[in-house]
>>> print(open('query-v4.txt').read())   # compact mmCIF, C-alpha atoms
# COMPACT_ATOMS: atom_id res chain seq x y z
CA MET A 442 -19.28 1.96 -8.81
CA LYS A 443 -18.23 2.83 -12.35
CA LEU A 444 -16.94 -0.12 -14.38
CA PHE A 445 -15.79 1.22 -17.75
CA GLY A 446 -12.76 3.46 -18.07
CA THR A 447 -10.92 4.86 -21.08
CA ASP A 448 -10.49 1.43 -22.66
CA GLY A 449 -12.91 -1.17 -21.31
CA VAL A 450 -12.92 -2.42 -17.73
CA ARG A 451 -9.49 -2.59 -16.10
CA GLY A 452 -8.00 -3.06 -12.65
CA GLU A 453 -6.02 -5.34 -10.37
CA ALA A 454 -6.95 -8.96 -10.98
CA GLY A 455 -8.37 -10.70 -7.93
CA SER A 456 -9.25 -7.52 -6.06
CA PHE A 457 -11.14 -5.18 -8.38
CA LEU A 458 -11.37 -7.49 -11.38
CA THR A 459 -12.57 -10.67 -9.68
CA ALA A 460 -14.00 -13.81 -11.25
CA GLY A 461 -17.41 -12.74 -9.93
CA LEU A 462 -17.19 -9.32 -11.59
CA ALA A 463 -16.02 -10.87 -14.88
CA MET A 464 -18.87 -13.40 -14.93
CA ARG A 465 -21.50 -10.79 -14.08
CA LEU A 466 -20.08 -8.35 -16.66
CA ALA A 467 -20.11 -11.09 -19.32
CA MET A 468 -23.76 -11.80 -18.54
CA ALA A 469 -24.64 -8.09 -18.74
CA ALA A 470 -22.80 -7.67 -22.05
CA GLY A 471 -24.35 -10.88 -23.35
CA ILE A 472 -27.84 -9.61 -22.52
CA TYR A 473 -27.11 -6.47 -24.51
CA PHE A 474 -25.67 -8.36 -27.51
CA LYS A 475 -28.55 -10.88 -27.52
CA ALA A 476 -30.95 -8.05 -28.28
CA HIS A 477 -29.04 -7.52 -31.55
CA SER A 478 -27.96 -11.15 -32.13
CA LYS A 479 -27.52 -12.72 -35.56
CA SER A 480 -25.35 -15.74 -34.79
CA ASN A 481 -25.54 -16.36 -31.02
CA LYS A 482 -21.71 -16.66 -30.99
CA ILE A 483 -19.18 -14.57 -29.06
CA LEU A 484 -15.40 -14.75 -29.55
CA VAL A 485 -13.07 -14.58 -26.52
CA GLY A 486 -9.31 -14.01 -26.62
CA LYS A 487 -6.69 -12.95 -24.11
CA ASP A 488 -3.08 -11.91 -23.64
CA THR A 489 -0.49 -13.92 -21.68
CA ARG A 490 -1.26 -12.93 -18.06
CA ARG A 491 -1.78 -15.74 -15.54
CA SER A 492 -5.04 -14.11 -14.40
CA GLY A 493 -6.39 -14.53 -17.93
CA TYR A 494 -7.27 -18.15 -17.11
CA MET A 495 -9.48 -17.10 -14.21
CA ILE A 496 -11.17 -14.28 -16.09
CA GLU A 497 -11.63 -16.28 -19.30
CA ASN A 498 -13.39 -19.13 -17.46
CA ALA A 499 -15.60 -16.64 -15.61
CA ILE A 500 -16.58 -14.92 -18.87
CA VAL A 501 -17.37 -18.26 -20.52
CA SER A 502 -19.51 -19.22 -17.52
CA GLY A 503 -21.43 -15.96 -17.68
CA LEU A 504 -22.07 -16.14 -21.41
CA THR A 505 -23.08 -19.81 -21.51
CA ALA A 506 -25.35 -19.26 -18.51
CA ILE A 507 -27.51 -16.93 -20.61
CA GLY A 508 -27.42 -19.21 -23.65
CA TYR A 509 -24.49 -17.89 -25.69
CA ASP A 510 -22.08 -20.16 -27.56
CA VAL A 511 -18.47 -19.14 -26.99
CA ILE A 512 -15.40 -19.52 -29.20
CA GLN A 513 -12.11 -19.36 -27.28
CA ILE A 514 -8.95 -18.66 -29.28
CA GLY A 515 -6.34 -18.19 -26.52
CA PRO A 516 -3.53 -15.61 -26.60
CA MET A 517 -3.99 -13.26 -29.56
CA PRO A 518 -3.48 -9.51 -30.13
CA THR A 519 -6.39 -7.18 -29.38
CA PRO A 520 -6.75 -6.14 -33.06
CA ALA A 521 -6.97 -9.83 -33.98
CA ILE A 522 -10.04 -10.20 -31.77
CA ALA A 523 -11.68 -7.24 -33.51
CA TYR A 524 -10.91 -8.68 -36.94
CA ILE A 525 -11.71 -12.36 -36.29
CA ALA A 526 -14.98 -11.60 -34.47
CA GLY A 527 -16.27 -9.97 -37.65
CA ASN A 528 -14.65 -12.53 -39.93
CA MET A 529 -16.35 -15.42 -38.07
CA ARG A 530 -19.69 -13.57 -38.02
CA CYS A 531 -19.82 -13.41 -34.23
CA ASP A 532 -22.17 -11.09 -32.36
CA ALA A 533 -19.21 -9.68 -30.44
CA GLY A 534 -15.57 -10.12 -29.52
CA ILE A 535 -14.12 -9.95 -26.00
CA MET A 536 -10.42 -9.36 -25.28
CA ILE A 537 -8.98 -10.06 -21.84
CA SER A 538 -6.01 -7.73 -21.42
CA ALA A 539 -4.69 -4.76 -19.48
CA SER A 540 -2.60 -3.73 -22.49
CA HIS A 541 0.67 -2.10 -21.33
CA ASN A 542 0.02 -2.52 -17.58
CA SER A 543 2.08 -4.98 -15.51
CA PHE A 544 0.88 -8.53 -14.89
CA GLU A 545 -1.02 -7.74 -11.65
CA ASP A 546 -3.69 -5.91 -13.65
CA ASN A 547 -6.08 -7.26 -16.23
CA GLY A 548 -8.96 -5.92 -18.25
CA ILE A 549 -11.94 -6.74 -20.44
CA LYS A 550 -12.49 -5.02 -23.79
CA PHE A 551 -15.55 -5.45 -26.00
CA PHE A 552 -16.00 -5.26 -29.77
CA ASP A 553 -19.29 -5.36 -31.65
CA ALA A 554 -20.16 -7.56 -34.65
CA ASN A 555 -18.35 -5.12 -36.98
CA GLY A 556 -15.14 -5.21 -34.93
CA ASP A 557 -15.67 -1.70 -33.53
CA LYS A 558 -15.15 -0.76 -29.90
CA LEU A 559 -18.35 0.01 -28.06
CA SER A 560 -19.58 3.59 -27.77
CA HIS A 561 -19.83 5.26 -24.37
CA ASP A 562 -23.62 4.98 -24.60
CA VAL A 563 -23.48 1.21 -25.11
CA GLU A 564 -20.99 0.83 -22.25
CA GLN A 565 -23.39 2.78 -20.05
CA GLU A 566 -26.24 0.47 -21.06
CA ILE A 567 -24.17 -2.60 -20.16
CA GLU A 568 -23.30 -1.05 -16.79
CA GLU A 569 -26.98 -0.50 -16.06
CA ILE A 570 -27.72 -4.16 -16.84
CA TYR A 571 -24.78 -5.21 -14.63
CA PHE A 572 -26.40 -3.58 -11.61
CA ASN A 573 -29.90 -4.85 -12.42
CA GLU A 574 -30.25 -8.05 -10.39
CA GLU A 575 -33.68 -8.87 -11.80
CA LYS A 576 -32.50 -8.70 -15.44
CA LEU A 577 -29.52 -10.91 -14.72
CA LEU A 578 -31.69 -13.55 -13.05
CA GLU A 579 -34.31 -13.48 -15.81
CA ALA A 580 -31.67 -13.95 -18.53
CA GLN A 581 -30.30 -17.22 -17.14
CA VAL A 582 -31.43 -20.30 -19.08
CA ARG A 583 -31.91 -24.00 -18.39
CA GLU A 584 -31.66 -27.42 -20.00
CA LYS A 585 -30.93 -27.42 -23.73
CA LYS A 586 -30.77 -23.61 -23.89
CA ILE A 587 -27.50 -23.43 -21.93
CA GLY A 588 -24.67 -22.40 -24.27
CA LYS A 589 -21.59 -24.37 -25.22
CA ALA A 590 -17.95 -23.39 -25.51
CA LYS A 591 -15.17 -24.66 -27.75
CA ARG A 592 -11.53 -23.77 -28.19
CA ILE A 593 -10.12 -23.18 -31.68
CA ASP A 594 -6.35 -23.01 -32.16
CA ASP A 595 -6.03 -22.41 -35.91
CA VAL A 596 -7.63 -18.98 -36.28
CA VAL A 597 -4.22 -17.33 -36.00
CA GLY A 598 -3.86 -18.01 -39.74
CA ARG A 599 -6.79 -15.73 -40.56
CA TYR A 600 -5.14 -12.82 -38.78
CA ILE A 601 -1.75 -13.49 -40.33
CA VAL A 602 -3.32 -13.34 -43.80
CA GLN A 603 -4.99 -10.05 -42.89
CA LEU A 604 -1.67 -8.61 -41.72
CA LYS A 605 0.12 -9.68 -44.89
CA ASN A 606 -2.65 -8.17 -46.98
CA SER A 607 -1.90 -4.80 -45.36
CA PHE A 608 1.60 -4.89 -46.85
CA PRO A 609 1.96 -3.98 -50.56
CA ARG A 610 2.08 -7.14 -52.68
CA ASP A 611 4.88 -5.80 -54.86
CA LEU A 612 7.23 -5.37 -51.88
CA SER A 613 9.35 -7.80 -49.88
CA LEU A 614 11.25 -7.54 -46.59
CA LYS A 615 14.03 -9.85 -47.83
CA ASP A 616 16.79 -7.26 -47.59
CA LEU A 617 15.88 -6.02 -44.10
CA ARG A 618 17.07 -7.06 -40.65
CA ILE A 619 14.50 -6.31 -37.97
CA VAL A 620 14.60 -6.63 -34.18
CA LEU A 621 11.17 -7.34 -32.69
CA ASP A 622 10.38 -7.01 -28.97
CA ALA A 623 7.18 -9.00 -28.37
CA ALA A 624 6.84 -7.80 -24.72
CA ASN A 625 6.19 -11.40 -23.62
CA GLY A 626 2.66 -10.64 -24.69
CA ALA A 627 -0.10 -11.53 -27.12
CA GLY A 628 1.97 -10.86 -30.25
CA TYR A 629 4.78 -13.28 -29.39
CA ILE A 630 3.79 -15.81 -32.07
CA VAL A 631 2.08 -13.67 -34.71
CA GLY A 632 4.72 -10.93 -34.85
CA PRO A 633 7.79 -12.99 -35.77
CA THR A 634 5.75 -15.23 -38.08
CA VAL A 635 4.44 -12.36 -40.24
CA LEU A 636 7.79 -10.61 -40.56
CA GLU A 637 9.60 -13.84 -41.45
CA GLU A 638 6.96 -14.90 -43.99
CA LEU A 639 7.37 -11.52 -45.70
CA GLY A 640 11.09 -12.22 -46.05
CA ALA A 641 12.77 -10.33 -43.21
CA GLU A 642 15.64 -11.53 -41.07
CA VAL A 643 14.08 -11.27 -37.61
CA ILE A 644 15.81 -11.14 -34.24
CA VAL A 645 13.15 -11.67 -31.56
CA LEU A 646 13.33 -10.40 -27.98
CA HIS A 647 11.05 -11.18 -25.04
CA ASN A 648 8.92 -13.87 -26.67
CA LYS A 649 8.80 -16.35 -23.76
CA PRO A 650 5.75 -15.42 -21.68
CA ASP A 651 5.39 -17.12 -18.29
CA GLY A 652 2.20 -15.43 -17.10
CA PHE A 653 4.04 -12.81 -15.05
CA ASN A 654 6.68 -11.24 -17.31
CA ILE A 655 4.34 -9.45 -19.73
CA ASN A 656 5.63 -5.85 -20.25
CA GLU A 657 8.33 -6.47 -17.61
CA ASP A 658 11.30 -4.27 -18.57
CA CYS A 659 10.42 -4.85 -22.21
CA GLY A 660 8.03 -3.87 -24.97
CA ALA A 661 6.70 -0.47 -25.94
CA LEU A 662 7.16 1.08 -22.48
CA HIS A 663 10.70 -0.22 -21.85
CA THR A 664 12.78 -0.02 -25.02
CA LYS A 665 16.33 -0.23 -23.61
CA ASP A 666 16.90 -3.85 -24.70
CA LEU A 667 15.47 -3.14 -28.14
CA GLN A 668 17.60 -0.03 -28.66
CA GLU A 669 20.79 -1.84 -27.66
CA SER A 670 19.94 -4.86 -29.83
CA VAL A 671 19.28 -2.75 -32.92
CA VAL A 672 22.78 -1.30 -32.64
CA LYS A 673 24.37 -4.64 -31.69
CA TYR A 674 22.89 -6.52 -34.65
CA ARG A 675 23.13 -3.58 -37.06
CA ALA A 676 19.43 -3.83 -37.77
CA ASP A 677 17.46 -1.59 -40.13
CA LEU A 678 14.61 -1.15 -37.66
CA GLY A 679 13.46 -2.04 -34.17
CA ILE A 680 9.80 -2.75 -33.39
CA ALA A 681 8.39 -2.90 -29.85
CA LEU A 682 4.86 -4.12 -29.19
CA ASP A 683 2.96 -3.78 -25.92
CA GLY A 684 1.26 -6.60 -24.05
CA ASP A 685 -1.76 -6.90 -26.35
CA ALA A 686 0.04 -5.70 -29.52
CA ASP A 687 -2.34 -2.83 -30.27
CA ARG A 688 0.51 -0.38 -29.86
CA VAL A 689 3.95 -0.01 -31.42
CA VAL A 690 7.12 1.94 -30.70
CA VAL A 691 9.72 2.15 -33.47
CA VAL A 692 13.49 2.40 -33.01
CA ASP A 693 15.66 3.62 -35.90
CA GLU A 694 18.90 2.07 -37.12
CA ARG A 695 20.90 4.26 -34.72
CA GLY A 696 19.06 2.81 -31.74
CA GLU A 697 16.99 5.91 -31.11
CA VAL A 698 13.25 5.87 -30.38
CA VAL A 699 11.09 7.54 -33.03
CA ASP A 700 8.59 9.99 -31.54
CA GLY A 701 4.95 8.98 -32.03
CA ASP A 702 4.07 12.29 -33.69
CA HIS A 703 6.96 11.91 -36.12
CA LEU A 704 5.59 8.47 -36.96
CA LEU A 705 2.08 9.82 -37.57
CA GLY A 706 3.35 12.69 -39.71
CA ALA A 707 5.69 10.56 -41.82
CA LEU A 708 3.04 7.89 -42.46
CA GLY A 709 0.30 10.44 -43.15
CA VAL A 710 2.29 12.29 -45.81
CA TYR A 711 3.55 9.00 -47.28
CA MET A 712 -0.03 7.75 -47.64
CA SER A 713 -1.07 11.07 -49.16
CA LYS A 714 1.70 10.94 -51.77
CA SER A 715 0.95 7.31 -52.60
CA GLY A 716 -2.74 8.09 -53.06
CA THR A 717 -4.05 5.93 -50.22
CA LEU A 718 -4.96 8.67 -47.72
CA ARG A 719 -8.63 9.65 -47.65
CA GLY A 720 -10.24 12.74 -46.19
CA GLY A 721 -7.44 15.24 -46.82
CA GLY A 722 -5.83 14.82 -43.42
CA ILE A 723 -5.11 12.68 -40.40
CA VAL A 724 -6.46 12.46 -36.85
CA SER A 725 -4.41 12.66 -33.66
CA THR A 726 -5.28 13.54 -30.08
CA VAL A 727 -5.00 16.68 -28.01
CA MET A 728 -1.67 15.26 -26.76
CA SER A 729 0.05 15.62 -30.15
CA ASN A 730 2.77 18.19 -30.74
CA GLN A 731 2.15 21.50 -32.46
CA GLY A 732 4.96 20.59 -34.84
CA LEU A 733 2.68 17.93 -36.32
CA ASP A 734 0.08 20.61 -37.06
CA ASP A 735 2.69 22.68 -38.87
CA PHE A 736 3.98 19.71 -40.89
CA MET A 737 0.48 18.74 -42.02
CA SER A 738 -0.21 22.32 -43.16
CA GLU A 739 3.07 22.46 -45.08
CA ASN A 740 1.95 19.36 -47.01
CA GLY A 741 -1.55 20.65 -47.74
CA LEU A 742 -3.19 18.36 -45.19
CA LYS A 743 -5.36 18.96 -42.14
CA LEU A 744 -4.79 17.71 -38.61
CA PHE A 745 -7.97 16.87 -36.71
CA ARG A 746 -7.70 16.38 -32.96
CA SER A 747 -9.72 14.07 -30.73
CA ASP A 748 -9.84 13.33 -27.01
CA VAL A 749 -7.33 10.77 -25.72
CA GLY A 750 -8.10 7.14 -26.57
CA ASP A 751 -8.02 5.27 -29.89
CA LYS A 752 -11.82 4.92 -29.65
CA ASN A 753 -12.09 8.72 -29.78
CA VAL A 754 -9.58 8.91 -32.62
CA LEU A 755 -11.70 6.47 -34.62
CA GLU A 756 -14.88 8.47 -33.97
CA VAL A 757 -13.30 11.59 -35.49
CA MET A 758 -11.91 9.54 -38.39
CA LYS A 759 -15.40 8.29 -39.19
CA LYS A 760 -16.92 11.75 -38.85
CA GLU A 761 -14.36 13.34 -41.19
CA GLY A 762 -14.09 10.45 -43.67
CA ILE A 763 -10.41 9.86 -42.83
CA ASN A 764 -8.72 6.46 -42.92
CA PHE A 765 -5.57 7.17 -40.87
CA GLY A 766 -5.00 8.45 -37.35
CA GLY A 767 -3.56 7.60 -33.99
CA GLU A 768 -2.11 8.59 -30.68
CA GLN A 769 1.31 9.92 -29.85
CA SER A 770 1.78 6.85 -27.62
CA GLY A 771 1.84 4.46 -30.57
CA HIS A 772 -1.80 3.44 -30.94
CA VAL A 773 -2.16 3.92 -34.69
CA ILE A 774 -5.24 3.07 -36.78
CA VAL A 775 -4.90 2.28 -40.46
CA ASN A 776 -8.62 1.94 -41.07
CA ASP A 777 -8.31 0.12 -44.38
CA PHE A 778 -6.88 -2.86 -42.49
CA ALA A 779 -7.84 -2.48 -38.81
CA LYS A 780 -10.73 -1.14 -36.75
CA THR A 781 -8.52 -0.39 -33.76
CA GLY A 782 -4.87 0.31 -33.01
CA ASP A 783 -2.71 -2.46 -34.48
CA GLY A 784 1.01 -2.50 -33.75
CA LEU A 785 1.89 -4.97 -36.50
CA VAL A 786 -0.19 -3.29 -39.22
CA THR A 787 1.49 0.00 -38.31
CA ALA A 788 4.95 -1.56 -38.34
CA LEU A 789 4.32 -2.98 -41.81
CA GLN A 790 3.29 0.45 -43.11
CA VAL A 791 6.52 1.90 -41.71
CA LEU A 792 8.54 -0.81 -43.43
CA ALA A 793 6.75 -0.15 -46.73
CA LEU A 794 7.57 3.55 -46.37
CA LEU A 795 11.29 2.80 -45.83
CA ILE A 796 11.43 0.49 -48.85
CA LYS A 797 9.54 2.87 -51.15
CA THR A 798 11.47 6.00 -50.14
CA LYS A 799 14.83 4.17 -50.01
CA LYS A 800 15.68 6.14 -46.89
CA SER A 801 16.97 5.03 -43.51
CA ALA A 802 14.55 5.14 -40.59
CA SER A 803 16.48 7.96 -38.90
CA VAL A 804 15.87 10.17 -41.96
CA ALA A 805 12.45 9.05 -43.18
CA LEU A 806 10.79 9.01 -39.76
CA ARG A 807 11.91 12.44 -38.54
CA PRO A 808 10.47 14.73 -41.20
CA PHE A 809 9.83 17.82 -39.03
CA LYS A 810 10.93 19.57 -35.87
CA LEU A 811 9.00 19.04 -32.66
CA TYR A 812 8.20 21.78 -30.19
CA PRO A 813 9.72 21.09 -26.75
CA GLN A 814 7.11 19.06 -24.88
CA LYS A 815 7.04 17.39 -21.50
CA LEU A 816 4.59 14.84 -20.09
CA VAL A 817 4.65 13.87 -16.42
CA ASN A 818 2.48 11.28 -14.67
CA ILE A 819 1.81 12.19 -11.04
CA HIS A 820 0.61 9.43 -8.71
CA VAL A 821 -2.36 10.72 -6.71
CA LYS A 822 -4.31 9.40 -3.73
CA ASN A 823 -7.60 10.83 -4.91
CA LYS A 824 -8.98 12.13 -8.21
CA LYS A 825 -10.44 15.40 -7.03
CA PRO A 826 -12.32 17.14 -9.90
CA LEU A 827 -9.91 19.60 -11.53
CA LYS A 828 -12.47 22.40 -11.24
CA ASP A 829 -12.43 21.96 -7.44
CA ILE A 830 -8.66 22.40 -7.08
CA VAL A 831 -8.16 25.84 -5.55
CA GLY A 832 -5.59 27.94 -7.40
CA LEU A 833 -5.46 25.79 -10.55
CA GLU A 834 -7.27 28.34 -12.72
CA ASP A 835 -4.66 30.99 -11.85
CA LYS A 836 -1.84 28.54 -12.66
CA LEU A 837 -3.33 27.85 -16.10
CA LYS A 838 -3.77 31.55 -16.82
CA GLU A 839 -0.08 32.02 -16.05
CA LEU A 840 0.81 29.28 -18.55
CA ASP A 841 -1.43 30.88 -21.18
CA ALA A 842 0.31 34.20 -20.69
CA LYS A 843 3.64 32.49 -21.40
CA HIS A 844 2.19 30.80 -24.52
CA ILE A 845 2.73 27.35 -23.00
CA ARG A 846 0.14 24.85 -24.24
CA HIS A 847 -1.20 22.67 -21.43
CA LEU A 848 -3.30 19.55 -21.10
CA ILE A 849 -4.15 18.18 -17.68
CA ARG A 850 -6.29 15.08 -17.19
CA TYR A 851 -6.65 12.02 -15.01
CA SER A 852 -5.80 8.56 -16.33
CA GLY A 853 -8.92 6.55 -17.07
CA THR A 854 -7.34 3.33 -15.76
CA GLU A 855 -4.81 4.30 -13.05
CA ASN A 856 -4.50 6.68 -10.08
CA LYS A 857 -2.43 9.13 -12.08
CA LEU A 858 -2.75 12.75 -13.14
CA ARG A 859 -1.22 13.38 -16.56
CA VAL A 860 0.28 16.84 -17.04
CA LEU A 861 1.43 17.87 -20.52
CA LEU A 862 3.20 21.16 -21.23
CA GLU A 863 4.44 22.36 -24.62
CA GLY A 864 6.21 25.57 -25.61
CA LYS A 865 9.03 27.05 -27.65
CA ASN A 866 11.28 27.73 -24.65
CA ALA A 867 12.35 24.39 -23.10
CA LYS A 868 13.97 25.86 -19.98
CA GLU A 869 10.91 27.98 -19.22
CA MET A 870 8.66 24.97 -19.74
CA ASP A 871 10.77 22.84 -17.36
CA PHE A 872 10.48 25.54 -14.70
CA TYR A 873 6.70 25.62 -14.94
CA MET A 874 6.46 21.82 -15.02
CA ASP A 875 8.38 21.59 -11.72
CA ASP A 876 6.03 24.20 -10.31
CA MET A 877 2.93 22.27 -11.46
CA ILE A 878 4.23 18.98 -10.02
CA LYS A 879 4.76 20.55 -6.58
CA PHE A 880 1.34 22.19 -6.76
CA PHE A 881 -0.54 18.98 -7.59
CA GLU A 882 1.44 16.74 -5.22
CA LYS A 883 0.64 19.06 -2.34
CA ASP A 884 -3.09 19.22 -3.17
CA LEU A 885 -3.81 15.63 -4.29
CA ASN A 886 -1.57 13.58 -1.98
CA VAL A 887 -2.44 15.10 1.38
>>> encode(input="query-v4.txt", output="structure tokens")
Amino acid sequence: MKLFGTDGVRGEAGSFLTAGLAMRLAMAAGIYFKAHSKSNKILVGKDTRRSGYMIENAIVSGLTAIGYDVIQIGPMPTPAIAYIAGNMRCDAGIMISASHNSFEDNGIKFFDANGDKLSHDVEQEIEEIYFNEEKLLEAQVREKKIGKAKRIDDVVGRYIVQLKNSFPRDLSLKDLRIVLDAANGAGYIVGPTVLEELGAEVIVLHNKPDGFNINEDCGALHTKDLQESVVKYRADLGIALDGDADRVVVVDERGEVVDGDHLLGALGVYMSKSGTLRGGGIVSTVMSNQGLDDFMSENGLKLFRSDVGDKNVLEVMKKEGINFGGEQSGHVIVNDFAKTGDGLVTALQVLALLIKTKKSASVALRPFKLYPQKLVNIHVKNKKPLKDIVGLEDKLKELDAKHIRHLIRYSGTENKLRVLLEGKNAKEMDFYMDDMIKFFEKDLNV
């Protein structure tokens, strides 16, 4: 059994992600971190899912059983865990969240002492320990060596200060009206607090989590309420977070969603002109639109592409010496202020851009034309290796002949096949997308 997917360990709570799995995984990770320990402390946070109680207690049990001291900080955004773990000199940070998934799922994400996500090699090492019964038994301690756990409720202030430091000190939000959709998730306290302290008038949606309503018809994946509210309240901007607030979707003053590639392009060029962009370019994934490539070139910048996943984006950023990158989906990394995608840091950079340029969001955040692009998620019964699907190679050659860019991959966390097509002729692209959907549904759902 493989544990780690695209972003940590994720699955349905109580079936795949049981208390037993969480405790054993915490022990395995703790054994790995102990070999590099400096403080013997690990930070644990979570989002607002009911299953977080079960998983949190299991993780604490596993860590204390091998002698670790645990600091529990309750519901906090994923990027806050990355930041606070380093700030409090912990050996690691653990976030309990399934991000944008519905409440039935949950997940466990790990950060090292520097606040970085773990490499694939480290995840593999932890998996090997997980399945090594002898190592797990040997690591358990007795008597005075058993770890302790304590809950701290005031660390939210550290993260709020970090967020405010990401916003230019000479600017204020006092003349802006903002609608914030907190997705009934981990950003429901931090988000409104930061925006209000910086001077904005804030209208907050979906900030009453009950353990089950996280991401339910709200947040970054469901923006209808936000779009309507922006128009209703005549707001300057709408901001939608996802369940763990590492992702953001922006809505302009007309109530229209801003494309993620437009957001990356606008912010990248803004940072370049303001002298804060390093490395002569930005990083996005293979999912990003060709129009973003063209826009970067027009502004004398390079676009570097990574595999899907903000961890992969960050790896390319480090390799190329770049401090800004992200995914089309809204996971954006401003590396001067965050080690992972941070929805609130990104939103603050967007607001700074609007104030500095004195332009409305509908103008400032749509600086180039996108190529027609279509992404479809196909539910599949089995994830047959793509190379084993008879006839797929011929289908892809046909797309190449029509100059239609294609990207086909399985989700790392769900039973879905993601099919992306991009080309200059929208009608032709739609025809081939319908053809691909029928082809895959017939082969993968039999």
>>> closest_residue(input="query-v4.txt", among="A:Gln790, A:Val699, A:Asn740, A:Val860", to="Val804 (chain A)", atoms="only C-alpha atoms")
A:Val699
>>> residues_near_point(input="query-v4.txt", point="(-27.3, -17.2, -29.6)", cutoff="8 Å", atoms="all atoms listed in the file", output="list in words")
Lys475, Ser478, Lys479, Ser480, Asn481, Lys482, Gly508, Tyr509, Asp510 and Gly588 of chain A
>>> residues_near_point(input="query-v4.txt", point="(-6.1, 16.5, -43.3)", cutoff="8 Å", atoms="all atoms listed in the file", output="PyMOL selection string")
chain A and resi 720-724+737+741-745+763
>>> atom_distance(input="query-v4.txt", atom1="CA of Gly534 (chain A)", atom2="CA of Gly628 (chain A)")
17.6 Å
>>> residues_around(input="query-v4.txt", residues="Ala526 (chain A)", least_positions_apart="6", cutoff="10 Å", atoms="only C-alpha atoms", output="PyMOL selection string")
chain A and resi 482-486+512+520+532-535+552-557
>>> write_last_selection(input="query-v4.txt", atoms="C-alpha atoms", output="PDB file, keeping the file's coordinate frame")
ATOM      1  CA  LYS A 482     -21.710 -16.660 -30.990  1.00  0.00           C
ATOM      2  CA  ILE A 483     -19.180 -14.570 -29.060  1.00  0.00           C
ATOM      3  CA  LEU A 484     -15.400 -14.750 -29.550  1.00  0.00           C
ATOM      4  CA  VAL A 485     -13.070 -14.580 -26.520  1.00  0.00           C
ATOM      5  CA  GLY A 486      -9.310 -14.010 -26.620  1.00  0.00           C
ATOM      6  CA  ILE A 512     -15.400 -19.520 -29.200  1.00  0.00           C
ATOM      7  CA  PRO A 520      -6.750  -6.140 -33.060  1.00  0.00           C
ATOM      8  CA  ASP A 532     -22.170 -11.090 -32.360  1.00  0.00           C
ATOM      9  CA  ALA A 533     -19.210  -9.680 -30.440  1.00  0.00           C
ATOM     10  CA  GLY A 534     -15.570 -10.120 -29.520  1.00  0.00           C
ATOM     11  CA  ILE A 535     -14.120  -9.950 -26.000  1.00  0.00           C
ATOM     12  CA  PHE A 552     -16.000  -5.260 -29.770  1.00  0.00           C
ATOM     13  CA  ASP A 553     -19.290  -5.360 -31.650  1.00  0.00           C
ATOM     14  CA  ALA A 554     -20.160  -7.560 -34.650  1.00  0.00           C
ATOM     15  CA  ASN A 555     -18.350  -5.120 -36.980  1.00  0.00           C
ATOM     16  CA  GLY A 556     -15.140  -5.210 -34.930  1.00  0.00           C
ATOM     17  CA  ASP A 557     -15.670  -1.700 -33.530  1.00  0.00           C
TER      18      ASP A 557
END
>>> atom_distance(input="query-v4.txt", atom1="CA of Phe736 (chain A)", atom2="CA of Pro808 (chain A)")
8.2 Å
>>> atom_distance(input="query-v4.txt", atom1="CA of Leu718 (chain A)", atom2="CA of Phe765 (chain A)")
7.0 Å
